[in-house]
Amino acid sequence: MIRVLFFAGLREQLGCAEMEVAAAGASTLAELRESLSARGDRWRRALANPNIQMAVNRSVAAADCALASGDEVALFPPVTGG
Amino acid sequence: MIRVLFFAGLREQLGCAEMEVAAAGASTLAELRESLSARGDRWRRALANPNIQMAVNRSVAAADCALASGDEVALFPPVTGG
Amino acid sequence: MVSVSVAVQSEPFDVGAEYTQLRARNCADGAAAIFVGSVRDLSDATRVTRLQLEHYPGMTEQVLRQIAEQARARWCLGRVRIVHRVGSLGAGEDIVFVGTSAPHRQAALDACAFVIDLLKTRAPFWKKEIGPDGEFWVQARQSDREALEKW
Amino acid sequence: MVSVSVAVQSEPFDVGAEYTQLRARNCADGAAAIFVGSVRDLSDATRVTRLQLEHYPGMTEQVLRQIAEQARARWCLGRVRIVHRVGSLGAGEDIVFVGTSAPHRQAALDACAFVIDLLKTRAPFWKKEIGPDGEFWVQARQSDREALEKW
C-alpha cells in the first residue's frame with residue numbers, strides 16, 4: 001500500500017487528510033495522481049490544478065517518480081510559510 | 001579660534017588630543033593641515049598620511065572646506081567600528 | 001549548540017535566548033544575523049486577527065535542515081538556527097526565527113537572507129488567515145519565487 | 001519607540017530587549033532583521049584578549065542617525081535602531097547592534113546590511129586590539145570599502 005497525505009487548501013477541497021491506495025495501480029506519481037482524479041468531480045477539479053506539488057517520502061518529487069509499496073506520498077498547494 | 005581634535009592612532013602619534021589654533025592662519029582645511037604639519041617632524045610625518053580623514057563641525061569635509069572662528073575640526077585615521 | 005539546529009513548535013520562541021545560544025562558546029564568530037517574521041495585522045486589504053499555520057510533520061524538519069546545510073555549504077558559517085511556529089498565532093506574534101553566525105558579516109547576512117528566501121518557497125508550511133471577513137488560505141507569491149533567482 | 005533610534009554606550013546591550021522594542025506596538029511590520037557584531041578571539045594571526053573602542057562623541061551619534069535616515073529614505077521601513085558600544089570590551093562581547101523592521105522581509109534585510117556596511121566605513125569609531133603581543137590599532141579594510149559598492 002501507498003500512504004497518501006493531503007495538506008492545507010487541498011485537504012479541505014478534498015475533505016480528506018490521508019488515505020491508502022494499492023501500489024499496484026500507481027507505479028509512478030503521475031499514475032497515482034490520475035487514479036485519484038478518477039475518484040469523482042471534486043477530485044478531478046482539485047488535482048487538475050497545475051500548481052499542486054508532490055512529495056515522495058518527504059522529498060519533493062516529479063511526476064515520473066517511481067512508487068513502491070510502503071512509500072509515503074504527499075500532495076499540497078504551493079507553500080506559504082515564513 | 002578653531003578647535004582641532006585628533007583621534008585614535010593619529011592622536012597617539014601626535015601625543016595630542018585637542019588644541020586651539022588661530023582662525024587667521026587657517027582659512028581652509030588644507031591651510032590648517034599645512035600649518036599643523038609645520039609644527040615639527042612628528043606632525044609632518046603623521047599628517048602626510050593621505051588616508052587621514054577630516055571633519056568640520058562633525059561632518060566629513062574636503063580639503064577646500066572654508067573655516068571660520070568657532071569651527072570644530074577633527075582629523076582621524078580611517079574608521080574601524082562595527 | 002551544534003552547528004545546525006532546527007525546531008518546529010507551537011510555543012513562542014525567545015529572540016534573546018536564541019541569540020544567546022547562537023553565540024554561546026562561539027568566540028570564533030564575530031558576526032550574527034537574525035531574521036524574524038511575524039504576523040502583520042494587515043494583509044493586502046483583509047484585516048487578519050489570527051493566523052493558522054499548518055505543516056507536514058517529518059518533512060518540515062528535514063527541509064529546514066537541508067536549507068541550513070545548503071547555506072553552510074555555500075558560506076563560511078559557524079551556526080545556523082531555524083525555528084518555525086505552527087498552530088494558531090495572533091496578530092503581532094512571531095512566526096519564524098532564522099539566525100546565522102559567521103566569522104565575517106557578509107556571510108552571516110547573506111546566509112540569513114538565503115535561508116528565509118528558501119524557507120518561503122520550499123518548507124511545507126501553509127498559512128490560513130482568519131479575520132472578521134472569514135478564513136482564507138494565503139496564496140503563494142510570485143515575488144517569493146522571484147526572490148530565489150538571486151541565489 | 002520612535003522610528004529612528006541610536007545609542008553609543010559603554011554598557012552591554014540586550015539583544016532580546018532590543019528586539020522587543022523594535023516590535024513593540026508595531027503590528028504593521030511583519031519582518032525584522034538584526035545584525036550583531038562581537039569581539040572575535042582571533043584577528044588574523046594575532047590573539048586578541050581585549051578591544052578598546054574609541055569614538056568621536058557628538059559626531060558619532062549624528063553619523064549613525066544620518067545612516068539610519070538614509071536607509072529609511074531608500075526602503076520602506078518601520079524602525080531602525082543602532083547601538084554601538086565604546087570603551088573596553090572582552091573577547092566574545094557584543095560591539096554593535098543593528099535592527100530594522102519593515103512590512104516586507106527584503107526591505108528589512110537589505111536595510112540592515114546597508115546600515116552595517118555604511119557604519120563600518122563612515123561612523124567615527126576606532127578599534128585597538130589588545131593582546132599578549134601588545135596593542136595595535138585595527139587597520140581599515142579594503143573589503144569594507146568595497147562592500148559599499150553594492151549600495
# chains A, B, ... in the order shown; residues from 1 in each chain; ligands from 1

$ residues_around --residues "A:Gly25" --least-positions-apart "4" --cutoff "10 Å" --atoms "only C-alpha atoms" --output "list in words"
Val21, Glu31, Leu32, Glu34 and Ser35 of chain A

$ closest_atom_pairs --of "chain D" --to "chain B" --cutoff "6 Å" --atoms "only C-alpha atoms" --output "Markdown table"
| residue | atom | partner | partner_atom | distance |
| --- | --- | --- | --- | --- |
| D:Met59 | CA | B:Arg58 | CA | 4.7 |
| D:Val96 | CA | B:Gly82 | CA | 5.7 |
| D:Lys120 | CA | B:Gly82 | CA | 5.3 |
| D:Pro124 | CA | B:Val79 | CA | 5.5 |
| D:Phe125 | CA | B:Gly81 | CA | 4.6 |
| D:Trp126 | CA | B:Thr80 | CA | 4.8 |
| D:Lys127 | CA | B:Thr80 | CA | 5.9 |
| D:Ala140 | CA | B:Thr80 | CA | 5.6 |

$ write_last_selection --atoms "N, CA, C and O atoms" --output "PDB file, in the first residue's frame"
ATOM      1  N   MET D  59      29.859  63.595  16.993  1.00  0.00           N
ATOM      2  CA  MET D  59      29.798  63.242  15.566  1.00  0.00           C
ATOM      3  C   MET D  59      29.225  61.837  15.382  1.00  0.00           C
ATOM      4  O   MET D  59      28.463  61.583  14.452  1.00  0.00           O
ATOM      5  N   VAL D  96      28.217  45.825  18.362  1.00  0.00           N
ATOM      6  CA  VAL D  96      27.268  46.656  17.626  1.00  0.00           C
ATOM      7  C   VAL D  96      25.980  45.887  17.356  1.00  0.00           C
ATOM      8  O   VAL D  96      26.011  44.681  17.088  1.00  0.00           O
ATOM      9  N   LYS D 120      30.443  50.778   9.082  1.00  0.00           N
ATOM     10  CA  LYS D 120      31.838  50.321   9.075  1.00  0.00           C
ATOM     11  C   LYS D 120      32.786  51.321   8.416  1.00  0.00           C
ATOM     12  O   LYS D 120      33.975  51.350   8.740  1.00  0.00           O
ATOM     13  N   PRO D 124      32.559  57.389  13.085  1.00  0.00           N
ATOM     14  CA  PRO D 124      33.884  57.604  13.663  1.00  0.00           C
ATOM     15  C   PRO D 124      34.138  56.801  14.942  1.00  0.00           C
ATOM     16  O   PRO D 124      34.094  57.326  16.054  1.00  0.00           O
ATOM     17  N   PHE D 125      34.390  55.511  14.725  1.00  0.00           N
ATOM     18  CA  PHE D 125      34.838  54.604  15.786  1.00  0.00           C
ATOM     19  C   PHE D 125      36.205  54.062  15.371  1.00  0.00           C
ATOM     20  O   PHE D 125      36.462  53.868  14.182  1.00  0.00           O
ATOM     21  N   TRP D 126      37.032  53.796  16.383  1.00  0.00           N
ATOM     22  CA  TRP D 126      38.331  53.188  16.103  1.00  0.00           C
ATOM     23  C   TRP D 126      38.591  52.095  17.123  1.00  0.00           C
ATOM     24  O   TRP D 126      38.408  52.302  18.326  1.00  0.00           O
ATOM     25  N   LYS D 127      39.061  50.964  16.620  1.00  0.00           N
ATOM     26  CA  LYS D 127      39.322  49.807  17.480  1.00  0.00           C
ATOM     27  C   LYS D 127      40.818  49.639  17.689  1.00  0.00           C
ATOM     28  O   LYS D 127      41.587  49.651  16.736  1.00  0.00           O
ATOM     29  N   ALA D 140      41.896  49.834   8.699  1.00  0.00           N
ATOM     30  CA  ALA D 140      40.682  49.787   7.875  1.00  0.00           C
ATOM     31  C   ALA D 140      40.895  48.761   6.763  1.00  0.00           C
ATOM     32  O   ALA D 140      42.006  48.593   6.257  1.00  0.00           O
TER      33      ALA D 140
END

$ closest_residue --among "C:Cys27, C:Ala7, C:Val63, C:Ala68" --to "chain D" --atoms "only C-alpha atoms"
C:Cys27

$ select_by_dssp --residues "stretch 31-135 of chain C" --states "alpha helix (DSSP H)" --output "MDAnalysis selection string"
chainID C and resid 59:74 105:122

$ write_last_selection --atoms "C-alpha atoms" --output "PDB file, in the first residue's frame"
ATOM      1  CA  MET C  59       9.131  16.637   6.035  1.00  0.00           C
ATOM      2  CA  THR C  60       9.271  20.127   7.520  1.00  0.00           C
ATOM      3  CA  GLU C  61      12.210  19.473   9.839  1.00  0.00           C
ATOM      4  CA  GLN C  62      14.028  17.639   7.048  1.00  0.00           C
ATOM      5  CA  VAL C  63      13.618  20.508   4.581  1.00  0.00           C
ATOM      6  CA  LEU C  64      14.677  23.101   7.168  1.00  0.00           C
ATOM      7  CA  ARG C  65      17.777  21.076   7.926  1.00  0.00           C
ATOM      8  CA  GLN C  66      18.570  20.747   4.211  1.00  0.00           C
ATOM      9  CA  ILE C  67      18.231  24.503   3.737  1.00  0.00           C
ATOM     10  CA  ALA C  68      20.559  25.147   6.676  1.00  0.00           C
ATOM     11  CA  GLU C  69      23.095  22.678   5.264  1.00  0.00           C
ATOM     12  CA  GLN C  70      22.904  24.307   1.844  1.00  0.00           C
ATOM     13  CA  ALA C  71      23.729  27.638   3.489  1.00  0.00           C
ATOM     14  CA  ARG C  72      26.666  26.083   5.314  1.00  0.00           C
ATOM     15  CA  ALA C  73      27.968  24.573   2.089  1.00  0.00           C
ATOM     16  CA  ARG C  74      27.857  27.965   0.390  1.00  0.00           C
ATOM     17  CA  ARG C 105      29.421  39.798   8.469  1.00  0.00           C
ATOM     18  CA  GLN C 106      28.698  39.337   4.792  1.00  0.00           C
ATOM     19  CA  ALA C 107      28.468  35.559   5.158  1.00  0.00           C
ATOM     20  CA  ALA C 108      26.142  35.821   8.147  1.00  0.00           C
ATOM     21  CA  LEU C 109      23.886  38.378   6.424  1.00  0.00           C
ATOM     22  CA  ASP C 110      23.764  36.617   3.054  1.00  0.00           C
ATOM     23  CA  ALA C 111      23.157  33.197   4.591  1.00  0.00           C
ATOM     24  CA  CYS C 112      20.345  34.579   6.752  1.00  0.00           C
ATOM     25  CA  ALA C 113      18.614  36.110   3.706  1.00  0.00           C
ATOM     26  CA  PHE C 114      19.197  32.901   1.726  1.00  0.00           C
ATOM     27  CA  VAL C 115      17.657  30.700   4.414  1.00  0.00           C
ATOM     28  CA  ILE C 116      14.480  32.755   4.728  1.00  0.00           C
ATOM     29  CA  ASP C 117      14.118  33.000   0.929  1.00  0.00           C
ATOM     30  CA  LEU C 118      14.432  29.218   0.551  1.00  0.00           C
ATOM     31  CA  LEU C 119      12.208  28.530   3.528  1.00  0.00           C
ATOM     32  CA  LYS C 120       9.452  30.665   1.989  1.00  0.00           C
ATOM     33  CA  THR C 121       9.361  28.581  -1.187  1.00  0.00           C
ATOM     34  CA  ARG C 122      10.480  25.113  -0.037  1.00  0.00           C
TER      35      ARG C 122
END

$ atom_distance --atom1 "atom CA of C:Asn26" --atom2 "atom CA of C:Gly78"
8.1 Å

$ closest_atom_pairs --of "chain C" --to "chain D" --cutoff "6 Å" --atoms "only C-alpha atoms" --output "JSON lines"
{"residue": "C:Val15", "atom": "CA", "partner": "D:Gly16", "partner_atom": "CA", "distance": 5.4}
{"residue": "C:Gly16", "atom": "CA", "partner": "D:Gly16", "partner_atom": "CA", "distance": 3.5}
{"residue": "C:Cys27", "atom": "CA", "partner": "D:Gly92", "partner_atom": "CA", "distance": 5.1}
{"residue": "C:Ala28", "atom": "CA", "partner": "D:Arg40", "partner_atom": "CA", "distance": 5.4}
{"residue": "C:Gly30", "atom": "CA", "partner": "D:Ser38", "partner_atom": "CA", "distance": 4.8}
{"residue": "C:Ala31", "atom": "CA", "partner": "D:Gly37", "partner_atom": "CA", "distance": 4.6}
{"residue": "C:Ala32", "atom": "CA", "partner": "D:Val36", "partner_atom": "CA", "distance": 5.1}
{"residue": "C:Ala33", "atom": "CA", "partner": "D:Phe35", "partner_atom": "CA", "distance": 4.5}
{"residue": "C:Ile34", "atom": "CA", "partner": "D:Ile34", "partner_atom": "CA", "distance": 4.9}
{"residue": "C:Phe35", "atom": "CA", "partner": "D:Ala33", "partner_atom": "CA", "distance": 4.5}
{"residue": "C:Val36", "atom": "CA", "partner": "D:Ala32", "partner_atom": "CA", "distance": 5.1}
{"residue": "C:Gly37", "atom": "CA", "partner": "D:Ala31", "partner_atom": "CA", "distance": 4.6}
{"residue": "C:Ser38", "atom": "CA", "partner": "D:Gly30", "partner_atom": "CA", "distance": 4.8}
{"residue": "C:Val39", "atom": "CA", "partner": "D:Gly30", "partner_atom": "CA", "distance": 5.7}
{"residue": "C:Arg40", "atom": "CA", "partner": "D:Gly30", "partner_atom": "CA", "distance": 4.9}
{"residue": "C:Asp41", "atom": "CA", "partner": "D:Cys27", "partner_atom": "CA", "distance": 5.6}
{"residue": "C:Gly92", "atom": "CA", "partner": "D:Cys27", "partner_atom": "CA", "distance": 5.1}

$ decode --residues "stretch 35-55 of chain B" --atoms "N, CA, C and O atoms" --output "short mmCIF file (atom, residue, chain, number, x, y, z; two decimals), in the first residue's frame"
data_model
loop_
_atom_site.label_atom_id
_atom_site.label_comp_id
_atom_site.auth_asym_id
_atom_site.auth_seq_id
_atom_site.Cartn_x
_atom_site.Cartn_y
_atom_site.Cartn_z
N SER B 35 49.59 74.16 8.21
CA SER B 35 50.19 74.87 9.36
C SER B 35 50.48 73.89 10.50
O SER B 35 51.46 74.04 11.23
N LEU B 36 49.64 72.86 10.64
CA LEU B 36 49.89 71.84 11.67
C LEU B 36 51.15 71.04 11.31
O LEU B 36 51.98 70.74 12.18
N SER B 37 51.31 70.73 10.02
CA SER B 37 52.47 69.95 9.58
C SER B 37 53.77 70.69 9.89
O SER B 37 54.82 70.07 10.10
N ALA B 38 53.70 72.01 9.90
CA ALA B 38 54.89 72.82 10.12
C ALA B 38 55.33 72.84 11.58
O ALA B 38 56.35 73.44 11.92
N ARG B 39 54.56 72.17 12.45
CA ARG B 39 54.90 72.19 13.88
C ARG B 39 56.08 71.30 14.22
O ARG B 39 56.51 71.26 15.38
N GLY B 40 56.58 70.51 13.27
CA GLY B 40 57.73 69.65 13.57
C GLY B 40 57.66 68.36 12.79
O GLY B 40 56.67 68.06 12.11
N ASP B 41 58.74 67.57 12.89
CA ASP B 41 58.85 66.33 12.12
C ASP B 41 57.72 65.35 12.40
O ASP B 41 57.16 64.74 11.49
N ARG B 42 57.44 65.16 13.69
CA ARG B 42 56.40 64.22 14.08
C ARG B 42 55.06 64.59 13.43
O ARG B 42 54.34 63.74 12.93
N TRP B 43 54.76 65.88 13.40
CA TRP B 43 53.49 66.36 12.81
C TRP B 43 53.51 66.20 11.30
O TRP B 43 52.51 65.77 10.72
N ARG B 44 54.66 66.52 10.70
CA ARG B 44 54.74 66.42 9.24
C ARG B 44 54.51 64.96 8.80
O ARG B 44 53.74 64.69 7.91
N ARG B 45 55.22 64.06 9.49
CA ARG B 45 55.10 62.65 9.12
C ARG B 45 53.67 62.15 9.30
O ARG B 45 53.11 61.51 8.42
N ALA B 46 53.09 62.43 10.45
CA ALA B 46 51.76 61.92 10.74
C ALA B 46 50.72 62.49 9.77
O ALA B 46 49.85 61.77 9.27
N LEU B 47 50.83 63.78 9.46
CA LEU B 47 49.81 64.42 8.62
C LEU B 47 50.05 64.22 7.13
O LEU B 47 49.20 64.55 6.31
N ALA B 48 51.23 63.65 6.79
CA ALA B 48 51.49 63.35 5.38
C ALA B 48 50.68 62.14 4.91
O ALA B 48 50.53 61.91 3.72
N ASN B 49 50.17 61.37 5.86
CA ASN B 49 49.40 60.17 5.51
C ASN B 49 48.15 60.56 4.72
O ASN B 49 47.27 61.27 5.22
N PRO B 50 48.05 60.10 3.46
CA PRO B 50 46.92 60.53 2.62
C PRO B 50 45.58 59.93 3.08
O PRO B 50 44.53 60.36 2.62
N ASN B 51 45.65 58.95 3.97
CA ASN B 51 44.40 58.33 4.42
C ASN B 51 43.72 59.08 5.56
O ASN B 51 42.58 58.77 5.92
N ILE B 52 44.43 60.05 6.14
CA ILE B 52 43.83 60.83 7.23
C ILE B 52 42.54 61.49 6.75
O ILE B 52 42.50 62.09 5.67
N GLN B 53 41.49 61.35 7.55
CA GLN B 53 40.21 61.96 7.19
C GLN B 53 39.98 63.21 8.02
O GLN B 53 40.52 63.35 9.12
N MET B 54 39.16 64.12 7.47
CA MET B 54 38.93 65.39 8.16
C MET B 54 37.43 65.66 8.26
O MET B 54 36.65 65.33 7.36
N ALA B 55 37.06 66.27 9.38
CA ALA B 55 35.67 66.66 9.57
C ALA B 55 35.63 68.10 10.06
O ALA B 55 36.53 68.55 10.77
#
